[in-house]
>>> print(open('coords.cif').read())   # mmCIF, C-alpha atoms (C1' of nucleotides)
data_data
#
loop_
_atom_site.label_atom_id
_atom_site.label_comp_id
_atom_site.auth_asym_id
_atom_site.auth_seq_id
_atom_site.Cartn_x
_atom_site.Cartn_y
_atom_site.Cartn_z
CA MET A 20 3.55 -38.76 -27.29
CA VAL A 21 5.05 -38.52 -23.83
CA LYS A 22 8.26 -36.55 -23.71
CA ILE A 23 11.27 -38.54 -22.59
CA LYS A 24 13.27 -35.75 -21.04
CA GLU A 25 11.46 -34.37 -18.03
CA ILE A 26 14.51 -33.38 -16.06
CA GLU A 27 14.75 -29.95 -17.66
CA LYS A 28 11.56 -27.95 -17.38
CA SER A 29 10.16 -26.67 -20.63
CA THR A 30 10.89 -23.02 -21.37
CA GLU A 31 7.23 -22.14 -21.20
CA ILE A 32 6.94 -23.54 -17.71
CA LYS A 33 10.05 -21.71 -16.60
CA ILE A 34 8.63 -18.46 -17.95
CA LEU A 35 5.29 -18.97 -16.25
CA GLU A 36 6.90 -19.70 -12.92
CA ALA A 37 9.20 -16.71 -13.14
CA ALA A 38 6.39 -14.43 -14.26
CA LYS A 39 4.17 -15.62 -11.46
CA GLN A 40 6.76 -14.70 -8.86
CA GLU A 41 7.53 -11.32 -10.39
CA PHE A 42 3.90 -10.31 -10.89
CA LEU A 43 2.83 -11.51 -7.46
CA GLU A 44 5.58 -9.59 -5.74
CA ARG A 45 5.42 -6.35 -7.70
CA GLY A 46 2.06 -6.22 -9.44
CA PHE A 47 1.56 -5.59 -13.15
CA ASP A 48 2.92 -2.05 -13.15
CA GLY A 49 5.90 -2.85 -10.96
CA ALA A 50 6.89 -6.06 -12.76
CA ARG A 51 9.70 -5.89 -15.34
CA MET A 52 10.02 -8.15 -18.35
CA GLN A 53 13.79 -8.00 -17.90
CA LYS A 54 13.46 -9.39 -14.36
CA ILE A 55 11.13 -12.13 -15.47
CA ALA A 56 13.63 -13.18 -18.13
CA GLU A 57 16.43 -13.23 -15.55
CA ARG A 58 14.38 -15.28 -13.11
CA ALA A 59 13.61 -17.75 -15.87
CA GLY A 60 17.23 -17.88 -16.97
CA ILE A 61 16.50 -16.71 -20.51
CA ASN A 62 16.38 -13.36 -22.30
CA LYS A 63 13.67 -10.82 -22.93
CA ALA A 64 13.13 -11.61 -26.60
CA LEU A 65 12.10 -15.12 -25.75
CA LEU A 66 9.35 -13.86 -23.49
CA HIS A 67 7.80 -12.08 -26.41
CA TYR A 68 8.27 -15.09 -28.62
CA TYR A 69 6.14 -17.14 -26.22
CA PHE A 70 3.62 -14.57 -25.06
CA ARG A 71 3.85 -11.62 -27.48
CA SER A 72 3.23 -8.97 -24.80
CA LYS A 73 3.48 -8.25 -21.11
CA GLU A 74 -0.28 -7.96 -20.94
CA ASN A 75 -0.75 -11.43 -22.43
CA LEU A 76 1.70 -12.96 -20.02
CA PHE A 77 -0.04 -11.23 -17.15
CA LYS A 78 -3.44 -12.51 -18.13
CA ALA A 79 -2.14 -16.04 -18.23
CA ILE A 80 -0.73 -15.63 -14.72
CA PHE A 81 -3.69 -13.82 -13.25
CA GLN A 82 -6.17 -16.50 -14.16
CA SER A 83 -4.09 -19.38 -12.85
CA VAL A 84 -3.51 -17.45 -9.64
CA PHE A 85 -6.99 -16.17 -9.07
CA GLU A 86 -8.50 -19.56 -8.36
CA ASN A 87 -6.30 -19.81 -5.28
CA PHE A 88 -7.73 -16.62 -3.87
CA PHE A 89 -11.16 -18.10 -3.60
CA PRO A 90 -10.37 -21.76 -3.15
CA LYS A 91 -12.26 -24.51 -4.84
CA VAL A 92 -14.18 -25.91 -1.97
CA VAL A 93 -17.07 -27.45 -3.79
CA LYS A 94 -15.95 -31.02 -3.17
CA THR A 95 -15.36 -30.39 0.51
CA PHE A 96 -18.82 -29.05 0.94
CA GLN A 97 -20.50 -31.92 -0.79
CA SER A 98 -18.95 -34.49 1.52
CA GLU A 99 -20.88 -36.19 4.31
CA ILE A 100 -19.07 -34.76 7.32
CA SER A 101 -20.87 -32.40 9.67
CA PHE A 102 -21.27 -28.72 8.97
CA PHE A 103 -18.84 -27.72 11.68
CA ASP A 104 -16.25 -30.17 10.41
CA LYS A 105 -16.58 -28.72 6.95
CA LEU A 106 -16.08 -25.26 8.34
CA LYS A 107 -13.02 -26.34 10.29
CA PHE A 108 -11.60 -28.09 7.25
CA PHE A 109 -12.15 -25.06 5.08
CA ILE A 110 -10.47 -22.59 7.43
CA ASP A 111 -7.52 -24.93 7.99
CA ASN A 112 -6.87 -25.43 4.32
CA TYR A 113 -7.42 -21.84 3.36
CA ILE A 114 -5.00 -20.41 5.91
CA ASP A 115 -2.54 -23.07 4.80
CA VAL A 116 -2.76 -22.12 1.14
CA LEU A 117 -2.35 -18.45 1.90
CA SER A 118 0.62 -18.85 4.22
CA LYS A 119 2.34 -20.67 1.38
CA ASN A 120 1.42 -17.85 -1.03
CA PRO A 121 2.06 -14.78 1.07
CA PHE A 122 1.89 -12.31 -1.81
CA LEU A 123 -1.35 -13.65 -3.22
CA PRO A 124 -3.92 -11.65 -1.22
CA ALA A 125 -2.36 -8.20 -1.59
CA PHE A 126 -1.69 -8.91 -5.26
CA ILE A 127 -5.31 -9.75 -6.06
CA LEU A 128 -6.70 -6.94 -3.94
CA HIS A 129 -4.46 -4.44 -5.67
CA GLU A 130 -4.94 -5.58 -9.26
CA ILE A 131 -8.67 -5.83 -8.86
CA GLN A 132 -9.05 -2.14 -8.05
CA LEU A 133 -8.38 -0.79 -11.52
CA ARG A 134 -9.10 -3.89 -13.56
CA PRO A 135 -12.35 -5.33 -12.27
CA GLU A 136 -13.06 -6.76 -15.71
CA MET A 137 -10.29 -9.31 -15.16
CA LEU A 138 -12.24 -10.57 -12.22
CA ILE A 139 -15.28 -11.19 -14.36
CA ASN A 140 -13.20 -12.97 -16.99
CA SER A 141 -11.50 -15.20 -14.46
CA MET A 142 -14.78 -16.14 -12.88
CA LYS A 143 -16.33 -17.10 -16.19
CA GLU A 144 -13.19 -18.90 -17.34
CA GLN A 145 -13.22 -21.11 -14.27
CA GLY A 146 -16.92 -21.49 -13.81
CA PHE A 147 -16.56 -20.06 -10.37
CA ASN A 148 -19.75 -19.75 -8.40
CA PRO A 149 -19.89 -18.16 -4.96
CA SER A 150 -23.43 -19.29 -4.32
CA VAL A 151 -22.26 -22.82 -3.51
CA PHE A 152 -20.60 -21.33 -0.50
CA LEU A 153 -23.48 -19.08 0.43
CA ASN A 154 -26.07 -21.81 0.03
CA MET A 155 -24.34 -24.16 2.38
CA PHE A 156 -24.73 -21.67 5.18
CA LYS A 157 -28.29 -20.89 4.20
CA ARG A 158 -29.19 -24.53 4.47
CA GLU A 159 -27.73 -24.80 7.96
CA MET A 160 -29.73 -21.79 9.04
CA GLU A 161 -32.94 -23.25 7.70
CA ASN A 162 -32.20 -26.48 9.53
CA GLY A 163 -31.70 -24.51 12.72
CA VAL A 164 -28.10 -25.62 13.19
CA ILE A 165 -26.79 -22.07 13.29
CA CYS A 166 -28.53 -18.84 14.08
CA ASN A 167 -30.09 -16.67 11.43
CA MET A 168 -28.17 -13.86 9.82
CA ARG A 169 -27.51 -12.55 6.36
CA VAL A 170 -25.19 -15.21 4.93
CA GLU A 171 -23.23 -12.68 2.92
CA HIS A 172 -21.98 -11.13 6.13
CA LEU A 173 -21.07 -14.44 7.64
CA VAL A 174 -19.11 -15.53 4.60
CA VAL A 175 -17.36 -12.16 4.31
CA ASN A 176 -16.46 -12.36 8.01
CA ILE A 177 -14.87 -15.75 7.59
CA LEU A 178 -12.95 -14.79 4.47
CA SER A 179 -11.84 -11.54 6.11
CA MET A 180 -10.31 -13.30 9.07
CA CYS A 181 -8.48 -15.76 6.83
CA ILE A 182 -7.26 -13.38 4.14
CA PHE A 183 -6.52 -10.08 5.84
CA PRO A 184 -3.87 -11.37 8.26
CA VAL A 185 -1.86 -12.59 5.28
CA ALA A 186 -2.42 -9.48 3.19
CA ALA A 187 -1.31 -7.35 6.11
CA ALA A 188 1.60 -9.60 7.06
CA PRO A 189 4.30 -6.93 6.89
CA ILE A 190 2.27 -4.66 9.15
CA ILE A 191 1.45 -7.37 11.66
CA LYS A 192 5.01 -8.65 11.67
CA GLY A 193 6.35 -5.14 12.17
CA MET A 194 3.89 -3.92 14.75
CA ILE A 195 3.37 -7.02 16.86
CA PHE A 196 6.22 -9.45 16.29
CA LYS A 197 9.24 -7.18 15.76
CA ASN A 198 9.65 -8.65 12.30
CA ASP A 199 10.18 -12.17 13.60
CA ASP A 200 9.04 -14.47 10.78
CA ILE A 201 8.79 -17.54 12.92
CA GLU A 202 6.57 -15.90 15.51
CA TYR A 203 4.36 -14.62 12.73
CA GLN A 204 4.07 -18.07 11.14
CA GLN A 205 3.11 -19.49 14.49
CA PHE A 206 0.51 -16.77 14.83
CA LEU A 207 -1.04 -17.83 11.52
CA GLU A 208 -0.96 -21.44 12.62
CA GLU A 209 -2.83 -20.55 15.82
CA ARG A 210 -5.43 -18.74 13.77
CA LYS A 211 -6.66 -22.01 12.31
CA ILE A 212 -8.19 -22.80 15.68
CA ILE A 213 -8.88 -19.23 16.76
CA VAL A 214 -10.88 -18.26 13.69
CA TYR A 215 -12.89 -21.46 13.81
CA GLU A 216 -13.79 -20.97 17.45
CA PHE A 217 -14.49 -17.29 16.95
CA VAL A 218 -16.94 -18.08 14.18
CA VAL A 219 -18.59 -20.97 15.97
CA ASN A 220 -19.05 -19.00 19.19
CA SER A 221 -20.72 -16.32 17.20
CA ILE A 222 -23.14 -18.39 15.13
CA LYS A 223 -24.06 -21.47 17.14
CA LYS A 224 -27.46 -21.42 18.76
CA MET B 6 1.00 35.86 9.38
CA VAL B 7 -2.34 34.57 8.24
CA LYS B 8 -2.78 34.60 4.49
CA ILE B 9 -5.60 36.79 3.23
CA LYS B 10 -6.49 34.95 0.07
CA GLU B 11 -7.88 31.54 0.94
CA ILE B 12 -10.23 31.18 -2.00
CA GLU B 13 -7.59 29.74 -4.31
CA LYS B 14 -5.80 26.74 -2.82
CA SER B 15 -2.06 27.00 -2.72
CA THR B 16 -0.22 25.12 -5.43
CA GLU B 17 1.36 22.81 -2.93
CA ILE B 18 -2.03 21.79 -1.58
CA LYS B 19 -3.37 21.21 -5.07
CA ILE B 20 -0.40 18.99 -5.85
CA LEU B 21 -0.77 17.00 -2.66
CA GLU B 22 -4.45 16.40 -3.26
CA ALA B 23 -3.90 15.37 -6.86
CA ALA B 24 -1.01 13.12 -5.95
CA LYS B 25 -2.99 11.49 -3.19
CA GLN B 26 -5.75 10.53 -5.59
CA GLU B 27 -3.38 9.25 -8.27
CA PHE B 28 -1.20 7.24 -5.89
CA LEU B 29 -4.15 5.78 -4.03
CA GLU B 30 -5.82 4.61 -7.22
CA ARG B 31 -2.80 3.30 -9.09
CA GLY B 32 -0.05 2.71 -6.53
CA PHE B 33 3.47 4.08 -6.81
CA ASP B 34 4.43 2.12 -9.91
CA GLY B 35 1.17 2.77 -11.72
CA ALA B 36 0.97 6.47 -10.92
CA ARG B 37 2.13 8.98 -13.53
CA MET B 38 3.61 12.39 -12.82
CA GLN B 39 1.88 13.66 -15.95
CA LYS B 40 -1.51 12.60 -14.58
CA ILE B 41 -0.82 14.18 -11.22
CA ALA B 42 0.04 17.45 -12.96
CA GLU B 43 -3.17 17.27 -14.97
CA ARG B 44 -5.28 16.54 -11.90
CA ALA B 45 -3.68 19.50 -10.14
CA GLY B 46 -4.18 21.77 -13.13
CA ILE B 47 -0.49 22.52 -13.53
CA ASN B 48 2.40 21.04 -15.48
CA LYS B 49 4.99 18.39 -14.76
CA ALA B 50 7.91 20.72 -14.19
CA LEU B 51 6.17 22.33 -11.29
CA LEU B 52 5.83 19.01 -9.53
CA HIS B 53 9.58 18.66 -9.52
CA TYR B 54 10.01 22.25 -8.43
CA TYR B 55 7.97 21.49 -5.31
CA PHE B 56 9.00 17.92 -4.58
CA ARG B 57 12.14 17.21 -6.63
CA SER B 58 11.22 13.57 -7.38
CA LYS B 59 8.34 11.15 -7.66
CA GLU B 60 9.70 9.23 -4.71
CA ASN B 61 9.70 12.33 -2.52
CA LEU B 62 6.16 13.18 -3.45
CA PHE B 63 5.11 9.64 -2.72
CA LYS B 64 6.67 9.63 0.71
CA ALA B 65 4.83 12.81 1.60
CA ILE B 66 1.55 11.21 0.54
CA PHE B 67 2.14 7.84 2.11
CA GLN B 68 2.71 9.20 5.56
CA SER B 69 -0.33 11.44 5.56
CA VAL B 70 -2.44 8.56 4.29
CA PHE B 71 -1.12 5.82 6.53
CA GLU B 72 -2.56 7.25 9.70
CA ASN B 73 -6.03 6.67 8.31
CA PHE B 74 -5.38 3.00 7.85
CA PHE B 75 -4.94 2.45 11.54
CA PRO B 76 -7.09 5.20 12.95
CA LYS B 77 -6.10 7.31 15.91
CA VAL B 78 -8.38 5.93 18.54
CA VAL B 79 -6.46 6.79 21.62
CA LYS B 80 -8.87 9.47 22.70
CA THR B 81 -11.86 7.26 22.20
CA PHE B 82 -10.41 4.58 24.36
CA GLN B 83 -9.54 6.87 27.18
CA SER B 84 -13.08 8.11 27.54
CA GLU B 85 -15.40 7.00 30.31
CA ILE B 86 -17.99 5.07 28.33
CA SER B 87 -18.27 1.31 28.74
CA PHE B 88 -16.01 -1.13 26.95
CA PHE B 89 -18.76 -2.30 24.64
CA ASP B 90 -19.69 1.25 23.74
CA LYS B 91 -16.07 1.98 22.89
CA LEU B 92 -15.99 -1.06 20.69
CA LYS B 93 -19.19 -0.07 18.93
CA PHE B 94 -17.95 3.46 18.45
CA PHE B 95 -14.66 2.26 17.02
CA ILE B 96 -16.21 -0.11 14.48
CA ASP B 97 -18.75 2.49 13.38
CA ASN B 98 -16.17 5.16 12.80
CA TYR B 99 -13.65 2.89 11.17
CA ILE B 100 -16.06 1.47 8.62
CA ASP B 101 -17.18 5.02 7.95
CA VAL B 102 -13.67 6.28 7.27
CA LEU B 103 -12.89 3.39 4.98
CA SER B 104 -16.08 3.64 2.94
CA LYS B 105 -15.15 7.24 2.27
CA ASN B 106 -11.63 6.18 1.25
CA PRO B 107 -12.32 3.08 -0.80
CA PHE B 108 -8.82 2.83 -2.29
CA LEU B 109 -7.03 3.20 1.00
CA PRO B 110 -6.88 -0.43 2.21
CA ALA B 111 -5.71 -2.05 -1.02
CA PHE B 112 -3.21 0.76 -1.52
CA ILE B 113 -1.57 0.29 1.85
CA LEU B 114 -1.62 -3.49 1.66
CA HIS B 115 0.03 -3.39 -1.75
CA GLU B 116 2.70 -0.79 -1.06
CA ILE B 117 3.65 -2.37 2.21
CA GLN B 118 4.66 -5.65 0.58
CA LEU B 119 7.88 -4.45 -1.01
CA ARG B 120 8.53 -1.36 1.08
CA PRO B 121 8.06 -2.44 4.69
CA GLU B 122 10.57 0.22 5.74
CA MET B 123 8.00 2.89 4.90
CA LEU B 124 5.78 1.39 7.53
CA ILE B 125 8.44 1.73 10.17
CA ASN B 126 9.08 5.34 9.17
CA SER B 127 5.39 6.22 9.24
CA MET B 128 4.94 4.67 12.63
CA LYS B 129 7.86 6.55 14.11
CA GLU B 130 6.89 9.78 12.41
CA GLN B 131 3.44 9.65 13.95
CA GLY B 132 4.29 8.11 17.27
CA PHE B 133 1.87 5.34 16.48
CA ASN B 134 1.54 2.71 19.14
CA PRO B 135 -0.61 -0.40 18.68
CA SER B 136 -0.29 -1.44 22.29
CA VAL B 137 -2.87 1.15 23.37
CA PHE B 138 -5.36 -0.89 21.46
CA LEU B 139 -4.11 -4.23 22.67
CA ASN B 140 -3.96 -3.14 26.28
CA MET B 141 -7.55 -2.02 26.36
CA PHE B 142 -8.67 -5.54 25.57
CA LYS B 143 -6.19 -7.04 27.99
CA ARG B 144 -7.61 -4.95 30.79
CA GLU B 145 -11.16 -6.10 30.04
CA MET B 146 -10.05 -9.70 30.13
CA GLU B 147 -8.34 -9.26 33.47
CA ASN B 148 -11.49 -7.64 34.81
CA GLY B 149 -13.47 -10.61 33.60
CA VAL B 150 -15.69 -8.56 31.28
CA ILE B 151 -14.78 -10.61 28.22
CA CYS B 152 -13.41 -14.12 27.97
CA ASN B 153 -9.72 -14.84 27.81
CA MET B 154 -7.93 -15.18 24.52
CA ARG B 155 -4.74 -13.91 22.95
CA VAL B 156 -5.56 -10.24 22.37
CA GLU B 157 -3.56 -10.10 19.16
CA HIS B 158 -6.03 -12.48 17.56
CA LEU B 159 -9.02 -10.55 18.78
CA VAL B 160 -7.69 -7.26 17.47
CA VAL B 161 -6.69 -8.78 14.14
CA ASN B 162 -10.15 -10.31 13.83
CA ILE B 163 -11.84 -6.97 14.35
CA LEU B 164 -9.55 -5.13 11.96
CA SER B 165 -9.96 -7.90 9.38
CA MET B 166 -13.74 -7.64 9.35
CA CYS B 167 -13.58 -3.85 8.99
CA ILE B 168 -10.81 -3.56 6.43
CA PHE B 169 -11.11 -6.57 4.15
CA PRO B 170 -14.64 -5.87 2.89
CA VAL B 171 -13.43 -2.49 1.62
CA ALA B 172 -10.18 -3.80 0.17
CA ALA B 173 -12.13 -6.48 -1.66
CA ALA B 174 -14.94 -4.17 -2.73
CA PRO B 175 -14.69 -4.87 -6.48
CA ILE B 176 -14.85 -8.61 -5.83
CA ILE B 177 -17.76 -8.39 -3.42
CA LYS B 178 -19.62 -5.98 -5.66
CA GLY B 179 -19.06 -8.21 -8.66
CA MET B 180 -19.79 -11.56 -7.08
CA ILE B 181 -22.63 -10.71 -4.72
CA PHE B 182 -24.22 -7.45 -5.79
CA LYS B 183 -23.95 -7.53 -9.59
CA ASN B 184 -21.87 -4.37 -9.43
CA ASP B 185 -24.61 -2.35 -7.80
CA ASP B 186 -22.83 0.38 -5.86
CA ILE B 187 -25.81 1.30 -3.75
CA GLU B 188 -26.43 -2.24 -2.58
CA TYR B 189 -22.76 -2.54 -1.72
CA GLN B 190 -22.79 0.69 0.28
CA GLN B 191 -25.81 -0.54 2.17
CA PHE B 192 -23.97 -3.77 2.85
CA LEU B 193 -21.10 -1.83 4.41
CA GLU B 194 -23.56 0.18 6.45
CA GLU B 195 -25.13 -3.03 7.78
CA ARG B 196 -21.72 -4.26 8.76
CA LYS B 197 -21.41 -1.62 11.45
CA ILE B 198 -23.98 -3.56 13.45
CA ILE B 199 -23.11 -7.02 12.17
CA VAL B 200 -19.41 -6.86 13.00
CA TYR B 201 -20.10 -5.48 16.43
CA GLU B 202 -22.58 -8.22 17.25
CA PHE B 203 -20.36 -10.87 15.73
CA VAL B 204 -17.48 -9.82 17.95
CA VAL B 205 -19.58 -9.43 21.08
CA ASN B 206 -21.24 -12.81 20.67
CA SER B 207 -17.84 -14.35 20.38
CA ILE B 208 -16.10 -12.73 23.34
CA LYS B 209 -18.70 -12.03 25.99
CA LYS B 210 -18.75 -14.38 28.90
"C1'" DG C 2 6.61 30.41 -9.27
"C1'" DT C 3 5.27 28.85 -13.57
"C1'" DC C 4 5.91 27.73 -18.08
"C1'" DT C 5 7.99 25.37 -22.71
"C1'" DA C 6 11.41 22.71 -24.47
"C1'" DT C 7 14.68 19.16 -23.98
"C1'" DA C 8 17.69 15.86 -21.95
"C1'" DT C 9 18.06 11.21 -20.10
"C1'" DT C 10 16.94 7.01 -18.89
"C1'" DG C 11 13.97 2.95 -18.61
"C1'" DT C 12 11.23 -0.51 -20.77
"C1'" DG C 13 8.25 -3.08 -23.88
"C1'" DA C 14 8.71 -4.79 -28.26
"C1'" DT C 15 10.78 -6.21 -32.95
"C1'" DA C 16 14.44 -7.61 -36.58
"C1'" DG C 17 17.30 -10.77 -38.02
"C1'" DA C 18 21.37 -14.04 -37.45
"C1'" DC C 19 22.14 -18.67 -35.93
"C1'" DG D 30 13.68 -21.89 -30.39
"C1'" DT D 31 17.11 -18.90 -28.76
"C1'" DC D 32 20.13 -15.27 -29.00
"C1'" DT D 33 22.20 -10.15 -29.77
"C1'" DA D 34 21.28 -5.77 -31.22
"C1'" DT D 35 18.23 -2.20 -31.79
"C1'" DC D 36 13.97 0.43 -32.14
"C1'" DA D 37 10.35 3.35 -30.45
"C1'" DC D 38 8.23 5.44 -27.11
"C1'" DA D 39 6.95 6.49 -22.41
"C1'" DA D 40 8.23 8.63 -18.14
"C1'" DT D 41 11.16 11.01 -14.89
"C1'" DA D 42 13.85 14.81 -14.51
"C1'" DT D 43 16.31 19.26 -15.72
"C1'" DA D 44 17.50 23.84 -18.24
"C1'" DG D 45 16.33 28.12 -18.94
"C1'" DA D 46 13.06 31.88 -20.46
"C1'" DC D 47 9.57 34.74 -18.47
#
>>> encode(input="coords.cif", output="structure tokens")
Amino acid sequence: MVKIKEIEKSTEIKILEAAKQEFLERGFDGARMQKIAERAGINKALLHYYFRSKENLFKAIFQSVFENFFPKVVKTFQSEISFFDKLKFFIDNYIDVLSKNPFLPAFILHEIQLRPEMLINSMKEQGFNPSVFLNMFKREMENGVICNMRVEHLVVNILSMCIFPVAAAPIIKGMIFKNDDIEYQQFLEERKIIVYEFVVNSIKK
Amino acid sequence: MVKIKEIEKSTEIKILEAAKQEFLERGFDGARMQKIAERAGINKALLHYYFRSKENLFKAIFQSVFENFFPKVVKTFQSEISFFDKLKFFIDNYIDVLSKNPFLPAFILHEIQLRPEMLINSMKEQGFNPSVFLNMFKREMENGVICNMRVEHLVVNILSMCIFPVAAAPIIKGMIFKNDDIEYQQFLEERKIIVYEFVVNSIKK
DNA sequence: GTCTATATTGTGATAGAC
DNA sequence: GTCTATCACAATATAGAC
């Protein structure tokens, strides 16, 4: 059953990778089937042979990409390390994922505006459940480890400080770092510690 | 020189308002000249009579809209009230502006990705200078009012916690508030206090 | 200035040979 | 499965009457 030739990627994979790039960079409305075909090294007709329509192709991409926007952290948070270590681990990994997918945040935030139903679908499809995240913080509050506040705000604060700096990368690069990519990357790297400390200072008793 | 009839808006104004809505909601690629004409109560040809091309119209909109994304706070920060009052005032106003322009953050973040040159133009056009903001915090650190840290991170943290929750509104509404608009609006309102306290707890000595 | 009609180009999608 | 050629329509843009 296992294919012998793995050197050449299957056409479907090539299409998916090309489509992912194109959609992430330009959004659904800005993406062009022609460009996707070129990126995949094939022609337009073949795209339709595999996925029938642009919309279909987009849906396939959106779902696979969405799970990276809110990372799967369930395992992390079930482990035995301390609350603060979990938090540190989460922020580290999340900033890492996003710096490697610089278009991801702005893409999701844009597409979501006029197609909120896709959000619902993706959540169901992947059994995504935000309350795992929320509950962890609730538990720590009840145990008196961190001070009391509405968990929704705390979680939104943390996500904000991880996601926004990547979504706004061109602005930050342009306004603060004179478009120097390396300085910006270093800035993101620093944020792993900064955000953690900022949060801890604010919530520890 | 002053026009007598002010009851009926001038055609140009009607176009600009219609275009602003359409572009903000759908982005440049998703916006349709036909829809803009409809929203303005005129026809397509007239759009081109006034602005020659979609691109031109977009540029006019983008610049007028961009200044709301990073608010003009210079005056506020030159006033005589205490640092913490300035901070409170800023966060209050900013969250207010954004809740009244819910499409603004995602629009800017999206358009910026592939057209960073527009950013540069808008900044120049409006004489926008981020260092006013940065310097205010620097001064407070030197005076020992708040603890030392790289100001860029502090500013980005504050902006993140104000902007992201609006950019991600459909997600937050869907995941936390079961799409209840009123609960979400109340959440934003709460954030005026929450964000302020979160920041202060983290930076005060 | 404003309209109707039309040109022109771009783009998603299909037909059909190989 | 993959290609070339082509369709059909959507969208920007212009011509020209009023």
>>> closest_atom_pairs(input="coords.cif", of="chain B", to="chain C", cutoff="12 Å", atoms="all atoms listed in the file", output="JSON lines")
{"residue": "B:Ser15", "atom": "CA", "partner": "C:DG2", "partner_atom": "C1'", "distance": 11.4}
{"residue": "B:Thr16", "atom": "CA", "partner": "C:DG2", "partner_atom": "C1'", "distance": 9.5}
{"residue": "B:Glu17", "atom": "CA", "partner": "C:DG2", "partner_atom": "C1'", "distance": 11.2}
{"residue": "B:Gly46", "atom": "CA", "partner": "C:DT3", "partner_atom": "C1'", "distance": 11.8}
{"residue": "B:Ile47", "atom": "CA", "partner": "C:DT3", "partner_atom": "C1'", "distance": 8.6}
{"residue": "B:Asn48", "atom": "CA", "partner": "C:DC4", "partner_atom": "C1'", "distance": 8.0}
{"residue": "B:Lys49", "atom": "CA", "partner": "C:DC4", "partner_atom": "C1'", "distance": 10.0}
{"residue": "B:Ala50", "atom": "CA", "partner": "C:DC4", "partner_atom": "C1'", "distance": 8.3}
{"residue": "B:Leu51", "atom": "CA", "partner": "C:DT3", "partner_atom": "C1'", "distance": 7.0}
{"residue": "B:Leu52", "atom": "CA", "partner": "C:DT3", "partner_atom": "C1'", "distance": 10.7}
{"residue": "B:His53", "atom": "CA", "partner": "C:DT3", "partner_atom": "C1'", "distance": 11.8}
{"residue": "B:Tyr54", "atom": "CA", "partner": "C:DG2", "partner_atom": "C1'", "distance": 8.9}
{"residue": "B:Tyr55", "atom": "CA", "partner": "C:DG2", "partner_atom": "C1'", "distance": 9.9}
>>> atom_distance(input="coords.cif", atom1="atom CA of A:Phe102", atom2="atom CA of A:Met155")
8.6 Å
>>> closest_residue(input="coords.cif", among="B:Lys19, B:Ala174, B:Arg57, B:Cys152", to="D:DT41", atoms="only C-alpha atoms (C1' of nucleotides)")
B:Arg57
>>> residues_near_point(input="coords.cif", point="(1.9, 7.6, 3.4)", cutoff="10 Å", atoms="all atoms listed in the file", output="NGL selection string")
:B and (25 or 28-29 or 62-74 or 112-113 or 116 or 123-124 or 126-127)
>>> write_last_selection(input="coords.cif", atoms="C-alpha atoms", output="short mmCIF file (atom, residue, chain, number, x, y, z; two decimals), in the frame of the given file")
data_model
loop_
_atom_site.label_atom_id
_atom_site.label_comp_id
_atom_site.auth_asym_id
_atom_site.auth_seq_id
_atom_site.Cartn_x
_atom_site.Cartn_y
_atom_site.Cartn_z
CA LYS B 25 -2.99 11.49 -3.19
CA PHE B 28 -1.20 7.24 -5.89
CA LEU B 29 -4.15 5.78 -4.03
CA LEU B 62 6.16 13.18 -3.45
CA PHE B 63 5.11 9.64 -2.72
CA LYS B 64 6.67 9.63 0.71
CA ALA B 65 4.83 12.81 1.60
CA ILE B 66 1.55 11.21 0.54
CA PHE B 67 2.14 7.84 2.11
CA GLN B 68 2.71 9.20 5.56
CA SER B 69 -0.33 11.44 5.56
CA VAL B 70 -2.44 8.56 4.29
CA PHE B 71 -1.12 5.82 6.53
CA GLU B 72 -2.56 7.25 9.70
CA ASN B 73 -6.03 6.67 8.31
CA PHE B 74 -5.38 3.00 7.85
CA PHE B 112 -3.21 0.76 -1.52
CA ILE B 113 -1.57 0.29 1.85
CA GLU B 116 2.70 -0.79 -1.06
CA MET B 123 8.00 2.89 4.90
CA LEU B 124 5.78 1.39 7.53
CA ASN B 126 9.08 5.34 9.17
CA SER B 127 5.39 6.22 9.24
#
>>> interface_residues(input="coords.cif", of="chain D", to="chain A", cutoff="10 Å", atoms="all atoms listed in the file", output="ChimeraX atom specification")
/D:30-33
